[in-house]
Every structure is written in structure tokens, then in C-alpha cells.
$ cat query.txt   # compact mmCIF, C-alpha atoms
# COMPACT_ATOMS: atom_id res chain seq x y z
CA MET A 1 -82.83 51.90 -0.70
CA GLU A 2 -85.66 54.22 -1.73
CA VAL A 3 -89.09 53.52 -0.26
CA GLU A 4 -90.58 52.99 -3.73
CA ASP A 5 -88.12 50.11 -4.29
CA LEU A 6 -89.37 48.18 -1.25
CA TYR A 7 -91.94 45.41 -1.60
CA ASN A 8 -95.47 46.71 -1.32
CA VAL A 9 -97.52 45.67 1.72
CA GLN A 10 -101.19 45.44 0.82
CA GLU A 11 -103.63 46.29 3.60
CA LEU A 12 -106.89 44.32 3.62
CA THR A 13 -109.84 46.03 5.26
CA GLU A 14 -112.84 44.62 7.11
CA ASN A 15 -115.23 46.47 4.80
CA ALA A 16 -117.80 43.85 3.80
CA GLU A 17 -118.72 45.91 0.75
CA LEU A 18 -115.22 45.44 -0.58
CA TYR A 19 -114.27 41.93 0.43
CA GLU A 20 -116.00 38.59 0.46
CA GLN A 21 -114.48 36.35 3.13
CA LEU A 22 -114.44 32.59 2.54
CA GLY A 23 -112.81 29.55 4.13
CA THR A 24 -111.06 29.23 7.47
CA LYS A 25 -109.70 32.05 9.59
CA GLU A 26 -106.06 31.09 8.90
CA LYS A 27 -106.59 31.64 5.20
CA PHE A 28 -109.51 32.95 3.23
CA TRP A 29 -110.56 33.92 -0.26
CA PHE A 30 -111.70 37.45 -0.97
CA ARG A 31 -112.84 39.46 -3.94
CA ASP A 32 -112.93 43.20 -4.52
CA LEU A 33 -116.67 43.63 -4.96
CA SER A 34 -116.20 47.16 -6.27
CA SER A 35 -114.73 45.69 -9.44
CA PRO A 36 -117.00 43.27 -11.35
CA ASP A 37 -114.03 41.70 -13.14
CA SER A 38 -111.88 41.14 -10.05
CA GLN A 39 -110.60 37.62 -9.46
CA ARG A 40 -110.76 35.65 -6.26
CA THR A 41 -107.60 36.14 -4.23
CA LEU A 42 -106.27 34.05 -1.36
CA PHE A 43 -104.97 35.60 1.86
CA LYS A 44 -102.86 33.32 4.05
CA TYR A 45 -101.80 34.40 7.54
CA SER A 46 -98.20 34.00 8.61
CA ARG A 47 -97.68 32.32 11.93
CA SER A 48 -96.36 34.66 14.61
CA ASN A 49 -92.64 35.43 14.53
CA THR A 50 -91.95 33.15 11.57
CA GLY A 51 -91.21 35.51 8.69
CA GLU A 52 -93.34 33.38 6.39
CA HIS A 53 -94.56 36.48 4.53
CA TRP A 54 -91.14 37.84 3.57
CA SER A 55 -89.69 34.38 2.82
CA GLU A 56 -92.58 33.60 0.47
CA LYS A 57 -92.13 36.92 -1.34
CA CYS A 58 -88.37 36.49 -1.67
CA ALA A 59 -88.79 32.96 -3.02
CA GLU A 60 -91.23 34.34 -5.60
CA GLN A 61 -88.72 36.97 -6.67
CA LEU A 62 -85.98 34.36 -7.10
CA CYS A 63 -88.39 32.37 -9.29
CA GLU A 64 -88.89 35.51 -11.36
CA LEU A 65 -85.15 35.98 -11.84
CA LEU A 66 -84.64 32.31 -12.74
CA GLY A 67 -87.64 32.01 -15.05
CA ILE A 68 -89.35 29.34 -12.94
CA PRO A 69 -93.17 29.27 -13.36
CA HIS A 70 -94.59 30.35 -10.02
CA VAL A 71 -97.65 31.62 -8.21
CA LYS A 72 -97.44 35.36 -7.60
CA TYR A 73 -97.37 36.59 -4.00
CA GLU A 74 -97.63 39.97 -2.33
CA ILE A 75 -97.05 40.73 1.33
CA ALA A 76 -100.27 41.83 3.02
CA ILE A 77 -101.69 42.64 6.45
CA HIS A 78 -105.14 41.85 7.84
CA ASN A 79 -106.37 42.37 11.40
CA GLU A 80 -102.84 43.52 12.32
CA ARG A 81 -101.41 40.17 11.21
CA TYR A 82 -99.05 39.75 8.31
CA GLY A 83 -99.48 37.22 5.54
CA VAL A 84 -99.41 36.93 1.77
CA VAL A 85 -102.02 37.30 -0.95
CA SER A 86 -102.00 35.29 -4.17
CA PRO A 87 -104.42 35.34 -7.11
CA ASN A 88 -106.54 32.32 -7.98
CA ILE A 89 -104.57 30.42 -10.62
CA VAL A 90 -107.47 28.18 -11.63
CA ASP A 91 -109.98 29.38 -14.24
CA LYS A 92 -113.68 28.50 -14.33
CA ASN A 93 -113.17 25.45 -16.54
CA GLU A 94 -110.22 24.17 -14.50
CA HIS A 95 -109.58 22.44 -11.19
CA LEU A 96 -106.50 21.66 -9.13
CA VAL A 97 -105.45 18.10 -8.25
CA MET A 98 -102.79 17.68 -5.55
CA GLY A 99 -99.83 15.35 -5.91
CA ASN A 100 -101.04 12.84 -3.33
CA GLU A 101 -104.32 12.37 -5.20
CA LEU A 102 -102.52 11.94 -8.51
CA LEU A 103 -100.02 9.39 -7.22
CA ASN A 104 -102.67 7.39 -5.37
CA LYS A 105 -104.89 7.20 -8.43
CA ASP A 106 -101.91 6.29 -10.60
CA ASP A 107 -100.82 3.42 -8.34
CA PRO A 108 -103.23 2.81 -5.43
CA GLU A 109 -101.39 -0.32 -4.27
CA GLU A 110 -98.12 1.56 -3.86
CA TYR A 111 -99.25 5.03 -2.82
CA PRO A 112 -101.33 5.71 0.33
CA VAL A 113 -104.86 7.05 0.26
CA PRO A 114 -104.79 10.88 0.35
CA VAL A 115 -104.95 12.39 3.82
CA ASP A 116 -104.91 16.13 4.45
CA PHE A 117 -101.27 16.93 5.15
CA ALA A 118 -102.22 19.63 7.65
CA ASP A 119 -103.93 16.99 9.80
CA ASN A 120 -101.47 14.14 9.27
CA LYS A 121 -97.84 15.10 8.76
CA GLN A 122 -96.46 11.58 8.84
CA LYS A 123 -93.66 10.86 6.40
CA VAL A 124 -94.82 9.29 3.14
CA THR A 125 -91.80 7.34 1.92
CA SER A 126 -93.58 6.45 -1.32
CA HIS A 127 -93.25 10.11 -2.28
CA THR A 128 -90.04 9.55 -4.24
CA VAL A 129 -88.34 11.72 -6.83
CA THR A 130 -88.49 8.88 -9.35
CA ARG A 131 -92.21 8.29 -8.82
CA VAL A 132 -93.12 11.97 -9.24
CA LEU A 133 -91.04 12.49 -12.37
CA ALA A 134 -92.20 9.20 -13.91
CA PHE A 135 -95.84 10.16 -13.34
CA LEU A 136 -95.37 13.57 -14.96
CA ALA A 137 -93.66 12.04 -17.99
CA ARG A 138 -95.88 8.97 -18.40
CA SER A 139 -99.18 10.75 -17.89
CA LYS A 140 -98.40 13.30 -20.61
CA VAL A 141 -98.77 16.22 -18.23
CA GLN A 142 -97.97 19.43 -20.07
CA SER A 143 -95.69 22.20 -18.87
CA PRO A 144 -97.31 25.09 -16.97
CA LYS A 145 -98.75 28.07 -18.76
CA SER A 146 -96.05 30.68 -18.33
CA ASP A 147 -94.77 34.02 -19.53
CA PHE A 148 -91.28 32.50 -19.45
CA ASP A 149 -89.76 30.77 -22.46
CA LEU A 150 -89.20 27.25 -21.14
CA ASN A 151 -87.29 26.22 -24.26
CA GLY A 152 -89.49 23.18 -24.91
CA LEU A 153 -89.02 21.64 -21.46
CA GLY A 154 -91.59 19.01 -20.49
CA ALA A 155 -93.42 18.94 -17.17
CA ALA A 156 -90.87 16.62 -15.52
CA GLU A 157 -88.03 18.90 -16.62
CA VAL A 158 -89.85 21.96 -15.27
CA PHE A 159 -90.36 20.10 -11.98
CA CYS A 160 -86.57 19.71 -11.87
CA GLY A 161 -86.50 23.51 -11.81
CA TYR A 162 -88.77 23.43 -8.76
CA LEU A 163 -86.29 21.10 -7.08
CA MET A 164 -83.42 23.46 -7.92
CA LEU A 165 -85.39 26.28 -6.30
CA ASP A 166 -85.91 24.15 -3.19
CA ALA A 167 -82.17 23.55 -2.99
CA LEU A 168 -81.34 27.22 -3.56
CA ILE A 169 -83.57 28.52 -0.75
CA SER A 170 -83.35 25.47 1.55
CA ASN A 171 -87.08 24.85 1.17
CA GLN A 172 -88.01 21.83 3.28
CA ASP A 173 -91.71 21.68 2.44
CA ARG A 174 -92.05 20.04 -1.01
CA HIS A 175 -94.50 17.47 0.35
CA HIS A 176 -97.12 15.80 -1.81
CA GLU A 177 -99.65 18.62 -1.43
CA ASN A 178 -97.07 21.24 -2.35
CA TRP A 179 -97.09 20.36 -6.01
CA ALA A 180 -100.13 19.84 -8.19
CA VAL A 181 -101.59 19.52 -11.67
CA ILE A 182 -104.19 21.83 -13.19
CA VAL A 183 -106.87 19.94 -15.11
CA GLU A 184 -108.60 21.92 -17.84
CA THR A 185 -111.73 20.72 -19.60
CA LYS A 186 -111.40 21.68 -23.25
CA ASN A 187 -113.91 20.53 -25.89
CA GLY A 188 -115.08 17.79 -23.56
CA LYS A 189 -111.56 16.45 -22.99
CA ALA A 190 -109.27 16.85 -20.00
CA VAL A 191 -105.93 18.58 -20.51
CA PHE A 192 -103.36 18.21 -17.71
CA ARG A 193 -100.73 20.86 -16.92
CA LEU A 194 -98.18 21.06 -14.15
CA CYS A 195 -99.17 23.79 -11.71
CA PRO A 196 -96.71 26.66 -11.20
CA THR A 197 -94.69 26.19 -8.03
CA TYR A 198 -96.16 27.52 -4.77
CA ASP A 199 -95.78 27.51 -0.95
CA HIS A 200 -92.10 28.21 -0.32
CA ALA A 201 -92.29 29.90 3.09
CA ALA A 202 -90.43 27.11 4.94
CA SER A 203 -87.12 28.40 3.64
CA LEU A 204 -84.25 30.89 3.98
CA GLY A 205 -83.76 30.23 7.69
CA ARG A 206 -86.82 32.36 8.41
CA GLU A 207 -87.64 30.26 11.50
CA LEU A 208 -84.37 31.05 13.32
CA LEU A 209 -84.01 33.54 16.14
CA ASP A 210 -81.56 36.37 15.54
CA ARG A 211 -79.19 35.17 18.24
CA GLU A 212 -78.66 31.91 16.35
CA ARG A 213 -78.28 33.77 13.06
CA VAL A 214 -75.60 36.02 14.56
CA GLU A 215 -73.78 33.03 16.00
CA ARG A 216 -73.79 31.17 12.68
CA LEU A 217 -72.71 34.24 10.72
CA GLN A 218 -69.84 35.09 13.06
CA THR A 219 -68.69 31.73 14.44
CA LYS A 220 -65.25 30.28 13.86
CA ASP A 221 -66.67 26.84 14.53
CA LYS A 222 -67.15 25.40 11.05
CA ASN A 223 -69.82 23.00 12.32
CA ARG A 224 -72.02 25.97 13.29
CA SER A 225 -71.52 27.94 10.08
CA VAL A 226 -74.11 28.89 7.49
CA GLU A 227 -72.32 26.53 5.10
CA ILE A 228 -73.06 23.58 7.38
CA PHE A 229 -76.56 24.84 8.19
CA VAL A 230 -77.70 24.72 4.56
CA GLN A 231 -76.29 21.23 4.09
CA LYS A 232 -78.84 19.90 6.57
CA ALA A 233 -81.92 20.99 4.59
CA ARG A 234 -84.11 18.07 3.60
CA SER A 235 -86.86 17.83 1.03
CA GLN A 236 -90.12 15.96 1.57
CA LEU A 237 -89.12 13.66 -1.30
CA TYR A 238 -87.41 10.31 -0.85
CA LYS A 239 -84.91 8.44 -3.02
CA PHE A 240 -86.32 4.99 -2.22
CA LYS A 241 -89.52 4.12 -0.38
CA THR A 242 -87.46 2.00 2.04
CA ASP A 243 -85.48 5.05 3.21
CA ARG A 244 -85.99 6.37 6.72
CA LYS A 245 -85.30 9.99 5.85
CA PRO A 246 -86.14 12.17 2.84
CA MET A 247 -83.39 13.34 0.53
CA LYS A 248 -81.42 16.47 1.16
CA THR A 249 -82.53 19.27 -1.14
CA VAL A 250 -79.43 19.48 -3.34
CA ASP A 251 -79.27 15.68 -3.59
CA ALA A 252 -82.91 15.57 -4.73
CA PHE A 253 -82.18 17.98 -7.58
CA VAL A 254 -78.96 16.23 -8.64
CA TYR A 255 -80.66 12.82 -8.57
CA ALA A 256 -83.64 14.13 -10.56
CA VAL A 257 -81.61 15.60 -13.41
CA GLN A 258 -79.58 12.43 -13.96
CA LYS A 259 -82.33 11.31 -16.36
CA TYR A 260 -82.98 14.84 -17.63
CA PRO A 261 -79.63 16.27 -18.77
CA SER A 262 -81.36 19.01 -20.77
CA ALA A 263 -83.10 20.17 -17.59
CA LYS A 264 -79.82 20.10 -15.69
CA LYS A 265 -78.10 22.26 -18.30
CA TYR A 266 -81.06 24.62 -18.63
CA TRP A 267 -81.67 25.32 -14.95
CA LEU A 268 -78.03 25.47 -13.84
CA SER A 269 -77.28 27.86 -16.70
CA LYS A 270 -80.06 30.09 -15.42
CA LEU A 271 -78.59 29.90 -11.92
CA ASP A 272 -75.11 30.68 -13.23
CA LEU A 273 -76.46 33.94 -14.67
CA LEU A 274 -78.05 34.93 -11.37
CA THR A 275 -75.62 37.45 -9.88
CA GLU A 276 -74.90 38.00 -6.21
CA ALA A 277 -75.98 41.63 -6.67
CA ASN A 278 -79.41 40.54 -7.92
CA ILE A 279 -79.74 38.08 -5.06
CA LYS A 280 -78.86 40.80 -2.56
CA ARG A 281 -81.48 43.10 -4.05
CA VAL A 282 -84.17 40.45 -3.45
CA PHE A 283 -83.56 40.74 0.29
CA ASP A 284 -82.76 44.47 0.38
CA ARG A 285 -86.30 45.16 -0.85
CA ILE A 286 -87.94 43.68 2.28
CA PRO A 287 -89.37 46.60 4.31
CA PRO A 288 -87.11 47.13 7.36
CA ASP A 289 -89.96 46.71 9.86
CA LEU A 290 -90.55 43.15 8.59
CA ILE A 291 -87.05 41.74 9.07
CA SER A 292 -83.94 42.49 11.11
CA ASP A 293 -80.64 43.32 9.44
CA VAL A 294 -79.20 40.02 10.60
CA GLY A 295 -82.22 38.13 9.29
CA ARG A 296 -81.73 39.80 5.92
CA ASP A 297 -78.00 38.97 5.89
CA PHE A 298 -78.60 35.38 6.93
CA ALA A 299 -81.20 34.74 4.21
CA TYR A 300 -78.83 36.20 1.62
CA ARG A 301 -76.02 33.93 2.79
CA VAL A 302 -78.28 30.89 2.61
CA VAL A 303 -78.88 31.53 -1.08
CA ILE A 304 -75.24 32.34 -1.81
CA GLU A 305 -74.02 29.14 -0.14
CA ASN A 306 -76.63 27.00 -1.89
CA ARG A 307 -75.85 28.60 -5.25
CA LYS A 308 -72.19 27.60 -4.83
CA ARG A 309 -73.19 24.03 -3.96
CA LEU A 310 -75.49 23.71 -6.95
CA LEU A 311 -73.07 25.21 -9.46
CA LYS A 312 -70.48 22.58 -8.58
CA HIS A 313 -72.67 20.30 -10.70
CA HIS A 314 -72.73 22.72 -13.65
CA GLU A 315 -70.72 21.48 -16.60

$ encode --input "query.txt" --output "C-alpha cells"
Amino acid sequence: MEVEDLYNVQELTENAELYEQLGTKEKFWFRDLSSPDSQRTLFKYSRSNTGEHWSEKCAEQLCELLGIPHVKYEIAIHNERYGVVSPNIVDKNEHLVMGNELLNKDDPEEYPVPVDFADNKQKVTSHTVTRVLAFLARSKVQSPKSDFDLNGLGAAEVFCGYLMLDALISNQDRHHENWAVIVETKNGKAVFRLCPTYDHAASLGRELLDRERVERLQTKDKNRSVEIFVQKARSQLYKFKTDRKPMKTVDAFVYAVQKYPSAKKYWLSKLDLLTEANIKRVFDRIPPDLISDVGRDFAYRVVIENRKRLLKHHE
């Protein structure tokens, strides 16, 4: 593949005249001070040897191909550490409200008081598919602003698309701070919109070492195959609050669209049109110094296997 076809890697400098650093050292906001109209942009470091930068970018590209509203990401490097940059998606008259805050306010007796997920990663069994979709429908949350034609889908139906994405890439991080609503104040009234999907780095087998990838790609032991590997992926969403484990990613999508047949038809039709060649190109565009050949092949196979599993439910 030609160099110009590879994903761009943006280099952030330490020049204080160009960038305004905010927040913690693991992620920070910056602004290009040389441009008065530049927007605040978030840089988030990848943890060492995790591939979080390329997995986030590839997930974004799959969203683009499927027409799923998403935050835009670019691979970047700062202080010799890789990460991703994403533009601020909230305008001056808007603010972001995370899922845990929304669900607690909606039903404080049933949903726990919000606690920062980074500090307390305990399982929240009240975070069920039914509860999330019911909130989005009942609260009259609008669909995200998007360049994609969503064919009149409501917020709950768009969220079903987020769940299909999770299943396709084996994303295991759809916890209650990894979805949100944007609140816009317009003429003194609040307008609520589902936020475009974001934070998909915990996906595509990016955490595996190459020796395990090779074994799973080449093994004759069916129980160690990529096909079995993807079947183990779990969401951070539960079916019932009495369950001990969250739902598996494909099951979460299939369960969600039972009440939204139009969303099921819409999103699976989009997936059906996504060719293996286009999927392969998503991973071929990762610069070779960011991923091994086996890592690239494994991520591709994850998506291919999950696509097959999802399309079994396509009518």
C-alpha cells in the first residue's frame, strides 16, 4: 500500500506557543493558538503495548463505512508516546451528561449514585439494555447530529447501531460512562441528543501478544480458534439486574433489536453491504511500525467472524 494511503500520525509538539495543555497527564486538551478559530482537541495516551491507538482508529473507520455517528479520531504521538486526538464535540451552549448520571437521575432508587468509572470499576448490574433503551425512548432524546442519513431512526434505534458496532469489533467497554447525551440550551430550553459513539479501544484483540494471535490463527484446536475467541466477548450491559455477568456483545445487540425491528433491518443491511475487501483495507492502512502483520491479520479475522455471526440474524 502506498504511504499516502496509510493513516496519518499527527505529531504534537511541546511548543507552548502552539498548544495549551489542560487536564491530567494521561489525557489533555490542547488548542492551536496560532489559529484563532481552532477548536479544543483532546489527546489521550495509549497504554504501553496495548495498540489502543490503532484499534480506536480502525473502529472509527468501521463506523464511517457503516454510517454510525461517531467521534472522529486520529492517531497521534506526544512525548514519544502514541495516542489518539479527537475534536471537542460539545459547543459553547452544550454540555455532556454521562449515562450513569442520566440513569441515576431518572430512577435514583434503582440506579446507583454516579461514581467515576476509572476509580471504581465494579460491575453495575442495573446497567441493562432495557433500561438504557427505555430511557432514550421515554425521555425524548433525539438522534445525534450526523452527516449520515439515519433514515428517521430515533435515539434508541441509533444506540442499537452502537451495540452492533460493539459486537462487530468485540468491544468490551460499553460501560455507563461510555455513552452519553449532549444537552443543548436553545431559546432557554434544554434539547437532548444522543452523543455520537466514542471510546472503542478495548476491541479487536489489541491486548493480545503475537504468540497467542499466531496460535489462535493457526491452531487445529477449535476451542482456541478466533471463532471461539470472539464468542467470549462481553459487553458492560446486563440483561437483568439479577445477572452475575454482563451480556455477550452479539446477544446484547440481538436482544436490543427485538423491540426495534426497523433498527435491526437498518443496521444489519448496512453490515451486509460492508465487504471483506473494505474491512481488510481498514487494517491495511495502519502504518506498519504501529502493528505487526499477525496483529493486523488477527484484527481482520475478529471482524470477519463477528460479521458472520451478526448476519445470521439478518432476514

$ residues_around --input "query.txt" --residues "range 230-235 of chain A" --least-positions-apart "3" --cutoff "12 Å" --atoms "all atoms listed in the file" --output "PDB file with C-alpha atoms, in the coordinates of the input"
ATOM      1  CA  LYS A 123     -93.660  10.860   6.400  1.00  0.00           C
ATOM      2  CA  VAL A 124     -94.820   9.290   3.140  1.00  0.00           C
ATOM      3  CA  THR A 125     -91.800   7.340   1.920  1.00  0.00           C
ATOM      4  CA  HIS A 127     -93.250  10.110  -2.280  1.00  0.00           C
ATOM      5  CA  THR A 128     -90.040   9.550  -4.240  1.00  0.00           C
ATOM      6  CA  VAL A 129     -88.340  11.720  -6.830  1.00  0.00           C
ATOM      7  CA  TYR A 162     -88.770  23.430  -8.760  1.00  0.00           C
ATOM      8  CA  LEU A 163     -86.290  21.100  -7.080  1.00  0.00           C
ATOM      9  CA  MET A 164     -83.420  23.460  -7.920  1.00  0.00           C
ATOM     10  CA  LEU A 165     -85.390  26.280  -6.300  1.00  0.00           C
ATOM     11  CA  ASP A 166     -85.910  24.150  -3.190  1.00  0.00           C
ATOM     12  CA  ALA A 167     -82.170  23.550  -2.990  1.00  0.00           C
ATOM     13  CA  LEU A 168     -81.340  27.220  -3.560  1.00  0.00           C
ATOM     14  CA  ILE A 169     -83.570  28.520  -0.750  1.00  0.00           C
ATOM     15  CA  SER A 170     -83.350  25.470   1.550  1.00  0.00           C
ATOM     16  CA  ASN A 171     -87.080  24.850   1.170  1.00  0.00           C
ATOM     17  CA  GLN A 172     -88.010  21.830   3.280  1.00  0.00           C
ATOM     18  CA  ASP A 173     -91.710  21.680   2.440  1.00  0.00           C
ATOM     19  CA  ARG A 174     -92.050  20.040  -1.010  1.00  0.00           C
ATOM     20  CA  HIS A 175     -94.500  17.470   0.350  1.00  0.00           C
ATOM     21  CA  HIS A 176     -97.120  15.800  -1.810  1.00  0.00           C
ATOM     22  CA  ASN A 178     -97.070  21.240  -2.350  1.00  0.00           C
ATOM     23  CA  HIS A 200     -92.100  28.210  -0.320  1.00  0.00           C
ATOM     24  CA  ALA A 202     -90.430  27.110   4.940  1.00  0.00           C
ATOM     25  CA  SER A 203     -87.120  28.400   3.640  1.00  0.00           C
ATOM     26  CA  LEU A 204     -84.250  30.890   3.980  1.00  0.00           C
ATOM     27  CA  GLY A 205     -83.760  30.230   7.690  1.00  0.00           C
ATOM     28  CA  ARG A 216     -73.790  31.170  12.680  1.00  0.00           C
ATOM     29  CA  ASN A 223     -69.820  23.000  12.320  1.00  0.00           C
ATOM     30  CA  ARG A 224     -72.020  25.970  13.290  1.00  0.00           C
ATOM     31  CA  SER A 225     -71.520  27.940  10.080  1.00  0.00           C
ATOM     32  CA  VAL A 226     -74.110  28.890   7.490  1.00  0.00           C
ATOM     33  CA  GLU A 227     -72.320  26.530   5.100  1.00  0.00           C
ATOM     34  CA  TYR A 238     -87.410  10.310  -0.850  1.00  0.00           C
ATOM     35  CA  LYS A 239     -84.910   8.440  -3.020  1.00  0.00           C
ATOM     36  CA  LYS A 245     -85.300   9.990   5.850  1.00  0.00           C
ATOM     37  CA  PRO A 246     -86.140  12.170   2.840  1.00  0.00           C
ATOM     38  CA  MET A 247     -83.390  13.340   0.530  1.00  0.00           C
ATOM     39  CA  LYS A 248     -81.420  16.470   1.160  1.00  0.00           C
ATOM     40  CA  THR A 249     -82.530  19.270  -1.140  1.00  0.00           C
ATOM     41  CA  VAL A 250     -79.430  19.480  -3.340  1.00  0.00           C
ATOM     42  CA  ASP A 251     -79.270  15.680  -3.590  1.00  0.00           C
ATOM     43  CA  ALA A 252     -82.910  15.570  -4.730  1.00  0.00           C
ATOM     44  CA  PHE A 253     -82.180  17.980  -7.580  1.00  0.00           C
ATOM     45  CA  PHE A 298     -78.600  35.380   6.930  1.00  0.00           C
ATOM     46  CA  ALA A 299     -81.200  34.740   4.210  1.00  0.00           C
ATOM     47  CA  TYR A 300     -78.830  36.200   1.620  1.00  0.00           C
ATOM     48  CA  ARG A 301     -76.020  33.930   2.790  1.00  0.00           C
ATOM     49  CA  VAL A 302     -78.280  30.890   2.610  1.00  0.00           C
ATOM     50  CA  VAL A 303     -78.880  31.530  -1.080  1.00  0.00           C
ATOM     51  CA  ILE A 304     -75.240  32.340  -1.810  1.00  0.00           C
ATOM     52  CA  GLU A 305     -74.020  29.140  -0.140  1.00  0.00           C
ATOM     53  CA  ASN A 306     -76.630  27.000  -1.890  1.00  0.00           C
ATOM     54  CA  ARG A 307     -75.850  28.600  -5.250  1.00  0.00           C
ATOM     55  CA  LYS A 308     -72.190  27.600  -4.830  1.00  0.00           C
ATOM     56  CA  ARG A 309     -73.190  24.030  -3.960  1.00  0.00           C
ATOM     57  CA  LEU A 310     -75.490  23.710  -6.950  1.00  0.00           C
TER      58      LEU A 310
END

$ residues_around --input "query.txt" --residues "range 53-60 of chain A" --least-positions-apart "3" --cutoff "10 Å" --atoms "only C-alpha atoms" --output "PyMOL selection string"
chain A and resi 7+44-47+50+63-66+68-77+82-85+165-166+168-169+171+197-207+279+281-287+290-291+296+299

$ closest_residue --input "query.txt" --among "A:Thr185, A:Ser48, A:Ser139, A:Gln61" --to "Lys105 in chain A" --atoms "all atoms listed in the file"
A:Ser139

$ closest_residue --input "query.txt" --among "A:Val294, A:Ala263, A:Val191, A:Leu153" --to "Gln218 in chain A" --atoms "all atoms listed in the file"
A:Val294

$ closest_residue --input "query.txt" --among "A:Pro261, A:Gly51, A:Pro196, A:Pro87" --to "Asp147 in chain A" --atoms "only C-alpha atoms"
A:Pro196

$ atom_distance --input "query.txt" --atom1 "CA of Ala155 in chain A" --atom2 "CA of Tyr260 in chain A"
11.2 Å

$ closest_residue --input "query.txt" --among "A:Leu217, A:Asp243, A:Trp29, A:Arg81" --to "Glu52 in chain A" --atoms "all atoms listed in the file"
A:Arg81

$ residues_near_point --input "query.txt" --point "(-82.4, 10.9, -13.7)" --cutoff "10 Å" --atoms "only C-alpha atoms" --output "list in words"
Val129, Thr130, Leu133, Ala134, Cys160, Phe253, Val254, Tyr255, Ala256, Val257, Gln258, Lys259, Tyr260, Pro261 and Lys264 of chain A

$ atom_distance --input "query.txt" --atom1 "CA of Glu109 in chain A" --atom2 "CA of Phe192 in chain A"
23.0 Å

$ closest_residue --input "query.txt" --among "A:Asn104, A:Gln142, A:Leu62, A:Leu96" --to "Leu271 in chain A" --atoms "all atoms listed in the file"
A:Leu62

$ closest_residue --input "query.txt" --among "A:Ser126, A:Asn151, A:Gln236, A:Ser146" --to "Glu177 in chain A" --atoms "all atoms listed in the file"
A:Gln236

$ atom_distance --input "query.txt" --atom1 "CA of Ser269 in chain A" --atom2 "CA of Gly154 in chain A"
17.2 Å

$ residues_around --input "query.txt" --residues "range 209-211 of chain A" --least-positions-apart "3" --cutoff "8 Å" --atoms "only C-alpha atoms" --output "mmCIF file with C-alpha atoms, in the frame of the given file"
data_model
loop_
_atom_site.group_PDB
_atom_site.id
_atom_site.type_symbol
_atom_site.label_atom_id
_atom_site.label_comp_id
_atom_site.auth_asym_id
_atom_site.auth_seq_id
_atom_site.Cartn_x
_atom_site.Cartn_y
_atom_site.Cartn_z
ATOM 1 C CA VAL A 214 -75.600 36.020 14.560
ATOM 2 C CA GLU A 215 -73.780 33.030 16.000
ATOM 3 C CA SER A 292 -83.940 42.490 11.110
ATOM 4 C CA VAL A 294 -79.200 40.020 10.600
ATOM 5 C CA GLY A 295 -82.220 38.130 9.290
#

$ decode --input "query.txt" --residues "range 74-91 of chain A" --atoms "N, CA and C atoms" --output "tab-separated table (two decimals), in the first residue's frame"
chain	number	residue	atom	x	y	z
A	74	GLU	N	-7.84	10.59	15.31
A	74	GLU	CA	-6.61	10.47	14.52
A	74	GLU	C	-5.52	9.94	15.43
A	75	ILE	N	-4.67	9.09	14.88
A	75	ILE	CA	-3.52	8.60	15.65
A	75	ILE	C	-2.54	9.76	15.82
A	76	ALA	N	-1.95	9.86	17.00
A	76	ALA	CA	-1.02	10.96	17.27
A	76	ALA	C	0.10	10.47	18.19
A	77	ILE	N	1.15	11.28	18.29
A	77	ILE	CA	2.27	10.96	19.17
A	77	ILE	C	2.69	12.21	19.93
A	78	HIS	N	2.93	12.04	21.22
A	78	HIS	CA	3.34	13.15	22.08
A	78	HIS	C	4.34	12.62	23.10
A	79	ASN	N	5.46	13.30	23.23
A	79	ASN	CA	6.50	12.84	24.17
A	79	ASN	C	6.89	11.38	23.91
A	80	GLU	N	6.96	11.03	22.62
A	80	GLU	CA	7.35	9.68	22.19
A	80	GLU	C	6.37	8.61	22.63
A	81	ARG	N	5.15	9.00	22.96
A	81	ARG	CA	4.10	8.05	23.31
A	81	ARG	C	2.93	8.22	22.34
A	82	TYR	N	2.42	7.08	21.89
A	82	TYR	CA	1.30	7.13	20.96
A	82	TYR	C	-0.02	7.34	21.71
A	83	GLY	N	-0.99	7.83	20.98
A	83	GLY	CA	-2.33	8.02	21.50
A	83	GLY	C	-3.23	8.42	20.35
A	84	VAL	N	-4.37	9.00	20.69
A	84	VAL	CA	-5.30	9.49	19.68
A	84	VAL	C	-5.73	10.91	20.03
A	85	VAL	N	-6.05	11.67	19.00
A	85	VAL	CA	-6.64	13.00	19.20
A	85	VAL	C	-8.06	12.98	18.67
A	86	SER	N	-8.93	13.73	19.34
A	86	SER	CA	-10.33	13.84	18.91
A	86	SER	C	-10.81	15.25	19.19
A	87	PRO	N	-11.57	15.83	18.27
A	87	PRO	CA	-12.05	17.20	18.46
A	87	PRO	C	-13.13	17.26	19.53
A	88	ASN	N	-13.25	18.41	20.16
A	88	ASN	CA	-14.32	18.63	21.13
A	88	ASN	C	-15.66	18.56	20.39
A	89	ILE	N	-16.56	17.71	20.83
A	89	ILE	CA	-17.84	17.54	20.15
A	89	ILE	C	-18.94	18.38	20.80
A	90	VAL	N	-18.59	19.13	21.83
A	90	VAL	CA	-19.58	19.92	22.57
A	90	VAL	C	-19.36	21.41	22.27
A	91	ASP	N	-20.39	22.08	21.79
A	91	ASP	CA	-20.30	23.51	21.52
A	91	ASP	C	-20.46	24.32	22.80
